[in-house]
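Engineer: As input, take structure.txt (compact mmCIF, C-alpha atoms and all ligand atoms):
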# COMPACT_ATOMS: atom_id res chain seq x y z
CA MET A 1 -36.43 19.92 -4.98
CA ALA A 2 -36.07 21.49 -8.41
CA ASP A 3 -38.83 19.44 -10.08
CA GLY A 4 -40.86 18.77 -6.92
CA LYS A 5 -39.21 15.36 -6.46
CA GLU A 6 -37.09 14.36 -3.49
CA ARG A 7 -33.40 14.61 -4.30
CA THR A 8 -31.29 11.55 -3.56
CA ALA A 9 -27.56 11.46 -2.86
CA LEU A 10 -25.19 8.55 -2.39
CA ALA A 11 -22.12 9.29 -0.27
CA THR A 12 -19.53 6.54 -0.02
CA GLY A 13 -17.46 6.27 3.15
CA ALA A 14 -20.15 8.08 5.14
CA THR A 15 -19.64 6.04 8.34
CA ASP A 16 -16.72 8.19 9.50
CA GLY A 17 -14.75 11.37 8.94
CA VAL A 18 -15.76 14.02 6.45
CA GLY A 19 -18.24 11.72 4.68
CA ARG A 20 -20.35 11.44 7.82
CA VAL A 21 -20.50 15.23 8.20
CA VAL A 22 -21.47 15.65 4.53
CA ALA A 23 -24.23 13.02 4.87
CA ARG A 24 -25.66 14.76 7.95
CA GLU A 25 -25.60 18.15 6.23
CA LEU A 26 -27.25 16.90 3.02
CA ALA A 27 -30.00 15.30 5.13
CA LYS A 28 -30.47 18.60 6.97
CA GLN A 29 -30.87 20.30 3.59
CA GLY A 30 -33.72 17.91 2.74
CA TRP A 31 -31.88 15.32 0.67
CA ARG A 32 -32.59 11.63 1.00
CA VAL A 33 -29.14 10.21 1.74
CA LEU A 34 -27.90 6.76 0.84
CA VAL A 35 -25.24 6.26 3.48
CA HIS A 36 -22.56 3.85 2.30
CA GLY A 37 -20.00 2.19 4.53
CA ARG A 38 -18.74 -1.23 5.49
CA ASP A 39 -19.52 -1.01 9.21
CA ARG A 40 -23.23 -1.71 9.69
CA PRO A 41 -23.55 -0.55 13.34
CA ARG A 42 -21.96 2.83 12.55
CA GLY A 43 -23.96 3.15 9.30
CA GLU A 44 -27.24 2.38 11.01
CA ALA A 45 -26.41 4.70 13.91
CA LEU A 46 -26.01 7.55 11.41
CA VAL A 47 -29.27 6.65 9.67
CA HIS A 48 -31.11 6.71 13.02
CA GLU A 49 -29.53 10.01 13.93
CA ILE A 50 -30.65 11.53 10.59
CA GLU A 51 -34.15 10.10 11.02
CA ARG A 52 -34.43 11.41 14.60
CA ALA A 53 -33.60 14.86 13.24
CA GLY A 54 -36.47 14.51 10.73
CA GLY A 55 -34.38 13.49 7.70
CA SER A 56 -34.40 10.48 5.41
CA ALA A 57 -31.53 8.01 4.99
CA THR A 58 -30.79 4.38 4.14
CA PHE A 59 -27.64 2.44 4.94
CA LEU A 60 -26.00 0.39 2.19
CA ALA A 61 -23.06 -1.85 3.09
CA ALA A 62 -20.18 -2.77 0.80
CA ASP A 63 -16.46 -3.35 1.09
CA LEU A 64 -15.06 -1.37 -1.82
CA GLY A 65 -12.01 -3.62 -1.81
CA SER A 66 -14.15 -6.10 -3.72
CA LEU A 67 -15.46 -5.33 -7.23
CA ALA A 68 -18.26 -7.86 -6.69
CA GLU A 69 -19.37 -5.84 -3.65
CA VAL A 70 -19.22 -2.62 -5.72
CA ARG A 71 -21.55 -4.25 -8.25
CA HIS A 72 -23.84 -5.41 -5.42
CA LEU A 73 -23.85 -1.86 -4.01
CA ALA A 74 -24.95 -0.49 -7.40
CA ASP A 75 -27.75 -3.10 -7.47
CA GLU A 76 -28.87 -2.01 -3.99
CA VAL A 77 -28.87 1.64 -5.06
CA ARG A 78 -30.99 0.76 -8.11
CA LYS A 79 -33.43 -1.11 -5.85
CA SER A 80 -33.81 1.89 -3.56
CA THR A 81 -34.15 4.68 -6.14
CA ASP A 82 -34.79 5.25 -9.83
CA ARG A 83 -32.87 8.54 -9.87
CA LEU A 84 -29.64 9.70 -8.32
CA ASP A 85 -29.06 13.45 -8.17
CA LEU A 86 -25.66 13.28 -6.52
CA LEU A 87 -22.87 10.74 -6.20
CA ILE A 88 -19.99 11.52 -3.84
CA ASN A 89 -17.08 9.10 -4.21
CA ASN A 90 -15.52 9.80 -0.83
CA ALA A 91 -14.51 6.47 0.75
CA GLY A 92 -10.80 6.02 1.02
CA ILE A 93 -7.82 4.57 2.82
CA GLY A 94 -4.97 6.84 3.89
CA THR A 95 -1.21 6.64 3.69
CA ALA A 96 -0.54 4.63 6.88
CA GLY A 97 1.36 1.37 6.70
CA SER A 98 4.48 0.33 4.86
CA GLY A 99 3.36 -3.12 3.71
CA ARG A 100 1.75 -3.54 0.30
CA GLN A 101 -1.83 -4.82 0.52
CA THR A 102 -4.14 -6.16 -2.17
CA SER A 103 -7.88 -6.14 -2.73
CA THR A 104 -10.10 -9.20 -3.00
CA ASP A 105 -9.48 -9.05 -6.75
CA GLY A 106 -5.69 -8.96 -6.29
CA HIS A 107 -5.20 -5.27 -7.13
CA GLU A 108 -3.04 -2.91 -5.07
CA LEU A 109 -5.45 -1.94 -2.27
CA ARG A 110 -5.40 1.88 -2.42
CA PHE A 111 -5.70 1.89 -6.20
CA ALA A 112 -8.65 -0.50 -5.80
CA VAL A 113 -10.54 1.18 -2.95
CA ASN A 114 -9.72 4.86 -3.52
CA TYR A 115 -10.00 4.85 -7.31
CA LEU A 116 -11.11 1.71 -9.16
CA SER A 117 -14.21 1.09 -7.02
CA GLY A 118 -15.41 4.66 -7.71
CA PHE A 119 -14.68 4.24 -11.42
CA LEU A 120 -16.86 1.12 -11.56
CA LEU A 121 -19.58 2.47 -9.26
CA THR A 122 -19.88 5.68 -11.28
CA TYR A 123 -20.37 3.82 -14.56
CA LEU A 124 -22.89 1.45 -13.03
CA LEU A 125 -24.87 4.39 -11.65
CA LEU A 126 -24.64 6.70 -14.69
CA PRO A 127 -28.11 5.75 -15.97
CA LEU A 128 -29.61 6.83 -12.61
CA LEU A 129 -27.59 10.06 -12.63
CA LYS A 130 -28.63 10.85 -16.20
CA ALA A 131 -32.26 10.14 -15.24
CA ALA A 132 -31.98 12.83 -12.55
CA ALA A 133 -30.14 15.44 -14.66
CA PRO A 134 -29.10 18.06 -13.75
CA ALA A 135 -27.02 15.79 -11.50
CA ARG A 136 -23.53 15.88 -10.04
CA ILE A 137 -20.59 13.61 -9.34
CA VAL A 138 -18.00 14.68 -6.77
CA ASN A 139 -14.74 12.76 -6.52
CA VAL A 140 -13.03 13.38 -3.20
CA ALA A 141 -9.35 13.25 -4.14
CA SER A 142 -6.42 14.99 -2.45
CA ALA A 143 -3.61 17.48 -2.91
CA GLY A 144 -1.37 14.45 -2.35
CA GLN A 145 -0.88 13.34 -5.95
CA GLN A 146 1.77 11.27 -7.68
CA ALA A 147 2.12 10.55 -11.40
CA ILE A 148 1.22 6.97 -12.29
CA ASP A 149 4.12 4.82 -13.47
CA PHE A 150 2.41 2.70 -16.11
CA SER A 151 5.18 0.10 -15.89
CA ASP A 152 4.18 -0.64 -12.28
CA VAL A 153 0.66 0.60 -11.53
CA MET A 154 0.21 -2.09 -8.88
CA LEU A 155 3.36 -0.87 -7.09
CA THR A 156 5.07 -4.24 -6.89
CA ARG A 157 8.44 -2.42 -6.67
CA ASN A 158 9.35 0.23 -4.08
CA TYR A 159 5.94 0.21 -2.38
CA SER A 160 5.03 2.90 0.09
CA GLY A 161 1.64 3.81 1.54
CA VAL A 162 2.21 7.43 0.51
CA ALA A 163 2.97 6.50 -3.12
CA ALA A 164 -0.06 4.20 -3.24
CA TYR A 165 -2.34 6.86 -1.78
CA CYS A 166 -1.03 9.67 -3.99
CA GLN A 167 -1.30 7.74 -7.28
CA SER A 168 -4.84 6.64 -6.40
CA LYS A 169 -5.83 10.25 -5.71
CA LEU A 170 -4.40 11.48 -9.02
CA ALA A 171 -6.19 8.62 -10.79
CA GLN A 172 -9.49 9.97 -9.40
CA ILE A 173 -8.74 13.39 -10.86
CA MET A 174 -7.73 11.93 -14.26
CA PHE A 175 -11.01 10.02 -14.28
CA THR A 176 -12.92 13.20 -13.44
CA VAL A 177 -11.42 15.05 -16.44
CA ASP A 178 -12.40 12.20 -18.81
CA LEU A 179 -15.83 11.78 -17.29
CA ALA A 180 -16.64 15.47 -17.71
CA ASP A 181 -15.76 15.23 -21.37
CA GLU A 182 -17.82 12.11 -21.86
CA LEU A 183 -20.83 13.59 -20.04
CA LYS A 184 -20.90 16.85 -22.02
CA GLY A 185 -24.50 17.68 -22.91
CA SER A 186 -25.95 15.04 -20.53
CA GLY A 187 -26.72 17.46 -17.69
CA VAL A 188 -24.40 15.50 -15.37
CA ILE A 189 -21.28 17.31 -14.16
CA ALA A 190 -18.22 15.77 -12.50
CA ASN A 191 -15.62 17.58 -10.40
CA ALA A 192 -12.84 16.58 -8.02
CA LEU A 193 -11.26 18.22 -4.99
CA HIS A 194 -8.79 18.25 -2.18
CA PRO A 195 -11.27 18.75 0.70
CA SER A 196 -8.91 20.16 3.33
CA THR A 197 -5.42 19.51 4.67
CA TYR A 198 -5.01 16.99 7.49
CA MET A 199 -8.52 17.08 8.86
CA ASN A 200 -9.00 15.49 12.24
CA THR A 201 -10.10 12.06 10.95
CA THR A 202 -9.27 8.41 11.48
CA MET A 203 -7.07 8.25 8.37
CA VAL A 204 -4.98 11.24 9.47
CA ARG A 205 -4.65 10.01 13.06
CA ARG A 206 -3.64 6.56 11.78
CA ALA A 207 -0.88 8.15 9.71
CA GLY A 208 0.47 9.72 12.91
CA VAL A 209 -0.02 13.25 11.57
CA SER A 210 -1.18 16.12 13.80
CA PRO A 211 -4.52 17.34 12.42
CA MET A 212 -4.44 20.86 10.93
CA SER A 213 -8.09 21.37 9.99
CA LYS A 214 -11.60 20.35 10.94
CA VAL A 215 -13.89 17.90 9.14
CA GLU A 216 -16.34 20.79 8.80
CA ASP A 217 -13.81 22.59 6.55
CA GLY A 218 -13.62 19.60 4.21
CA ALA A 219 -17.38 19.13 4.32
CA GLU A 220 -17.91 22.74 3.24
CA ALA A 221 -15.60 22.22 0.25
CA ILE A 222 -17.30 18.96 -0.77
CA LEU A 223 -20.75 20.54 -0.39
CA GLN A 224 -19.70 23.46 -2.60
CA LEU A 225 -19.06 21.04 -5.48
CA ALA A 226 -22.15 19.02 -4.56
CA VAL A 227 -24.81 21.72 -4.28
CA SER A 228 -23.56 25.24 -4.95
CA PRO A 229 -25.29 27.02 -7.84
CA LYS A 230 -21.83 28.44 -8.66
CA LEU A 231 -20.89 25.03 -10.09
CA GLU A 232 -23.87 24.75 -12.43
CA GLY A 233 -22.67 23.62 -15.85
CA ARG A 234 -19.02 23.52 -14.72
CA SER A 235 -17.33 20.17 -15.05
CA GLY A 236 -13.95 18.42 -15.16
CA LEU A 237 -12.45 20.79 -12.60
CA TYR A 238 -10.12 20.24 -9.66
CA PHE A 239 -10.58 22.34 -6.52
CA ASN A 240 -8.08 22.92 -3.73
CA VAL A 241 -10.60 23.21 -0.87
CA LEU A 242 -12.85 26.08 -2.06
CA ASN A 243 -10.80 27.34 -5.01
CA GLU A 244 -10.29 26.02 -8.52
CA ALA A 245 -6.69 24.82 -8.91
CA ARG A 246 -4.31 22.88 -11.16
CA ALA A 247 -3.78 19.22 -10.37
CA ASN A 248 -0.59 17.26 -11.10
CA ALA A 249 0.39 17.70 -14.78
CA GLN A 250 -0.46 14.06 -15.58
CA ALA A 251 -4.15 14.92 -15.13
CA TYR A 252 -3.94 17.03 -18.29
CA ASP A 253 -1.97 14.44 -20.30
CA ALA A 254 -4.52 12.89 -22.67
CA GLU A 255 -2.30 9.89 -23.45
CA ALA A 256 -1.81 9.10 -19.75
CA ARG A 257 -5.56 9.36 -19.20
CA ARG A 258 -6.19 7.06 -22.17
CA ARG A 259 -3.84 4.45 -20.67
CA LEU A 260 -5.43 4.70 -17.23
CA ARG A 261 -8.89 4.42 -18.71
CA ALA A 262 -8.01 1.36 -20.81
CA LEU A 263 -6.50 -0.33 -17.75
CA SER A 264 -9.48 0.59 -15.56
CA LEU A 265 -12.01 -0.73 -18.07
CA GLU A 266 -10.06 -3.98 -18.20
CA LEU A 267 -9.58 -4.37 -14.42
CA SER A 268 -13.15 -3.40 -13.53
CA GLY A 269 -14.68 -5.79 -16.06
CA LEU A 270 -16.37 -2.88 -17.86
CA LYS A 271 -14.48 -3.33 -21.11
CA GLY A 272 -16.99 -3.33 -23.94
CA GLN A 273 -19.72 -1.88 -21.67
CA ALA A 274 -18.53 1.69 -20.96
CA PRO A 275 -17.26 3.95 -23.75
CA SER A 276 -13.52 3.35 -24.32
N1 LIG A 301 -8.45 13.69 6.17
C1 LIG A 301 -7.84 14.52 5.34
O1 LIG A 301 -7.17 15.46 5.75
C2 LIG A 301 -8.00 14.33 3.86
C3 LIG A 301 -7.21 15.13 3.02
C4 LIG A 301 -7.33 14.97 1.65
C5 LIG A 301 -8.25 14.07 1.15
N2 LIG A 301 -9.00 13.31 1.99
C6 LIG A 301 -9.94 12.35 1.39
O2 LIG A 301 -11.20 12.49 2.00
C7 LIG A 301 -11.91 11.23 1.95
C8 LIG A 301 -12.46 10.91 3.33
O3 LIG A 301 -11.38 10.79 4.22
P1 LIG A 301 -11.50 10.93 5.81
O4 LIG A 301 -10.33 11.71 6.24
O5 LIG A 301 -12.87 11.34 6.18
O6 LIG A 301 -11.23 9.41 6.23
P2 LIG A 301 -11.84 8.45 7.35
O7 LIG A 301 -12.35 9.21 8.51
O8 LIG A 301 -10.77 7.42 7.56
O9 LIG A 301 -13.10 7.82 6.60
C9 LIG A 301 -12.94 7.03 5.48
C10 LIG A 301 -14.27 6.38 5.11
O10 LIG A 301 -14.03 5.48 4.00
C11 LIG A 301 -14.47 4.18 4.39
N3 LIG A 301 -13.70 3.09 3.81
C12 LIG A 301 -12.37 2.88 3.91
N4 LIG A 301 -12.04 1.72 3.29
C13 LIG A 301 -13.20 1.20 2.81
C14 LIG A 301 -13.52 0.02 2.09
N5 LIG A 301 -12.59 -0.88 1.76
N6 LIG A 301 -14.79 -0.19 1.76
C15 LIG A 301 -15.75 0.69 2.10
N7 LIG A 301 -15.52 1.81 2.78
C16 LIG A 301 -14.25 2.07 3.13
C17 LIG A 301 -14.33 4.16 5.91
O11 LIG A 301 -15.06 3.10 6.45
P3 LIG A 301 -14.55 2.42 7.86
O12 LIG A 301 -14.92 3.40 8.92
O13 LIG A 301 -15.27 1.13 7.89
O14 LIG A 301 -13.05 2.25 7.73
C18 LIG A 301 -14.86 5.55 6.25
O15 LIG A 301 -16.26 5.57 6.20
C19 LIG A 301 -10.88 10.20 1.46
O16 LIG A 301 -11.10 9.92 0.09
C20 LIG A 301 -9.55 10.91 1.65
O17 LIG A 301 -8.55 10.46 0.75
C21 LIG A 301 -8.89 13.42 3.33
Can the structure in the file be given as structure tokens, please?
Structural biologist:
Amino acid sequence: MADGKERTALATGATDGVGRVVARELAKQGWRVLVHGRDRPRGEALVHEIERAGGSATFLAADLGSLAEVRHLADEVRKSTDRLDLLINNAGIGTAGSGRQTSTDGHELRFAVNYLSGFLLTYLLLPLLKAAAPARIVNVASAGQQAIDFSDVMLTRNYSGVAAYCQSKLAQIMFTVDLADELKGSGVIANALHPSTYMNTTMVRRAGVSPMSKVEDGAEAILQLAVSPKLEGRSGLYFNVLNEARANAQAYDAEARRRLRALSLELSGLKGQAPS
């Protein structure tokens, strides 16, 4: 409580996996946690658990496969707080499945849920983050990254769940680099990370992969970017678990980032509202 006010965090995808562990830990550290998910019983169970332990939390439901629901989520956040000290874009769908799926808006589903929803949510919540500065944005990406083919971003040719997942995760990192630049001097920092390799979570089990690490490992890495004083004033970085690392080369390609940004502004309906 730097200025004597309660600190508020929004963690997306906090009804399962590493997001749930991060939400619990933030609450233990005295944060008020806005627990996002799409499953109300699991979201409310986590809120009750946090409250029973003496913490403060509120559940906010939204399917991030719908841009209208992302906008509604931002409205609900605005109704419940006038400042947001921390936004963790964590919700995601893994690599499982060989059939191409689309979001409510007709976009390739992993691009939509893992990346585009966080892009839109972040812009809608920037005023609240700036009001709380110093504030932080953490984009939970992955070491699984694949360069975006701008001739087929929606993967209508040669679809695979792995390709869809990996391009969405690189898109999050490209967004982080741009965001950091745009937020220079605002007191809001933005960083991305690979939380841990094959944690024992639903997405990993669904992919048929044997887990290699614990959710607590990933939670520690996310919390480092979220709260560690070591990150003060440091922005636009990519971390491999606890260490700063290089992402796929496309993350550092300004022209590729410009193209992704232009497309994202168009698809999210933010064109003309967010800086282009
Ligand atoms: N597990 C790993 O080893 C690993 C490695 C690298 C990166 N990551 C990243 O870490 C983050 C968390 O992954 P996890 O392993 O903890 O996965 P998880 O256990 O499968 O949890 C994913 C969370 O995202 C939510 N979610 C999925 N689709 C959604 C949608 N359309 N709308 C709203 N919420 C949605 C899920 O809600 P439901 O419960 O309702 O589905 C759940 O709360 C992801 O971004 C993932 O890419 C994980």
Engineer: Using all atoms listed in the file, can you tell me which of A:Ala96, A:Ala131, A:Val227, A:Ala91 comes closest to A:Gly30?
Structural biologist: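 The closest residue to A:Gly30 is A:Val227.
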Engineer: For ligand LIG 301 (chain A), what centre and edge lengths in Å (one decimal) does the axis-aligned box get once 5 Å is added on each side of all its listed atoms, as AutoDock Vina command-line options?
Structural biologist:
--center_x -11.7 --center_y 7.3 --center_z 4.5 --size_x 19.1 --size_y 26.3 --size_z 18.8
Engineer: Would you please work out which residue, of A:Gln273, A:Ser235, A:Ser213, A:Thr156, is nearest to ligand LIG 301 (chain A) when using all atoms listed in the file?
Structural biologist: A:Ser213
Engineer: Which one is closest to ligand LIG 301 (chain A): A:Val204, A:Val33, A:Ile137, A:Ala192? Count only C-alpha atoms and all ligand atoms.
Structural biologist: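 Ranking A:Val204, A:Val33, A:Ile137, A:Ala192 by distance to ligand LIG 301 (chain A), first place goes to A:Val204.
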Engineer: Counting only C-alpha atoms and all ligand atoms, which residue out of A:Arg42, A:Arg246, A:Lys5, A:Arg257 sits closest to ligand LIG 301 (chain A)?
Structural biologist: A:Arg42
Engineer: Rank A:Val138, A:Leu73, A:Ala180, A:Ala219 by their smallest atom-to-atom distance to A:Leu121, using all atoms listed in the file, and report the top residue only.
Structural biologist: A:Leu73
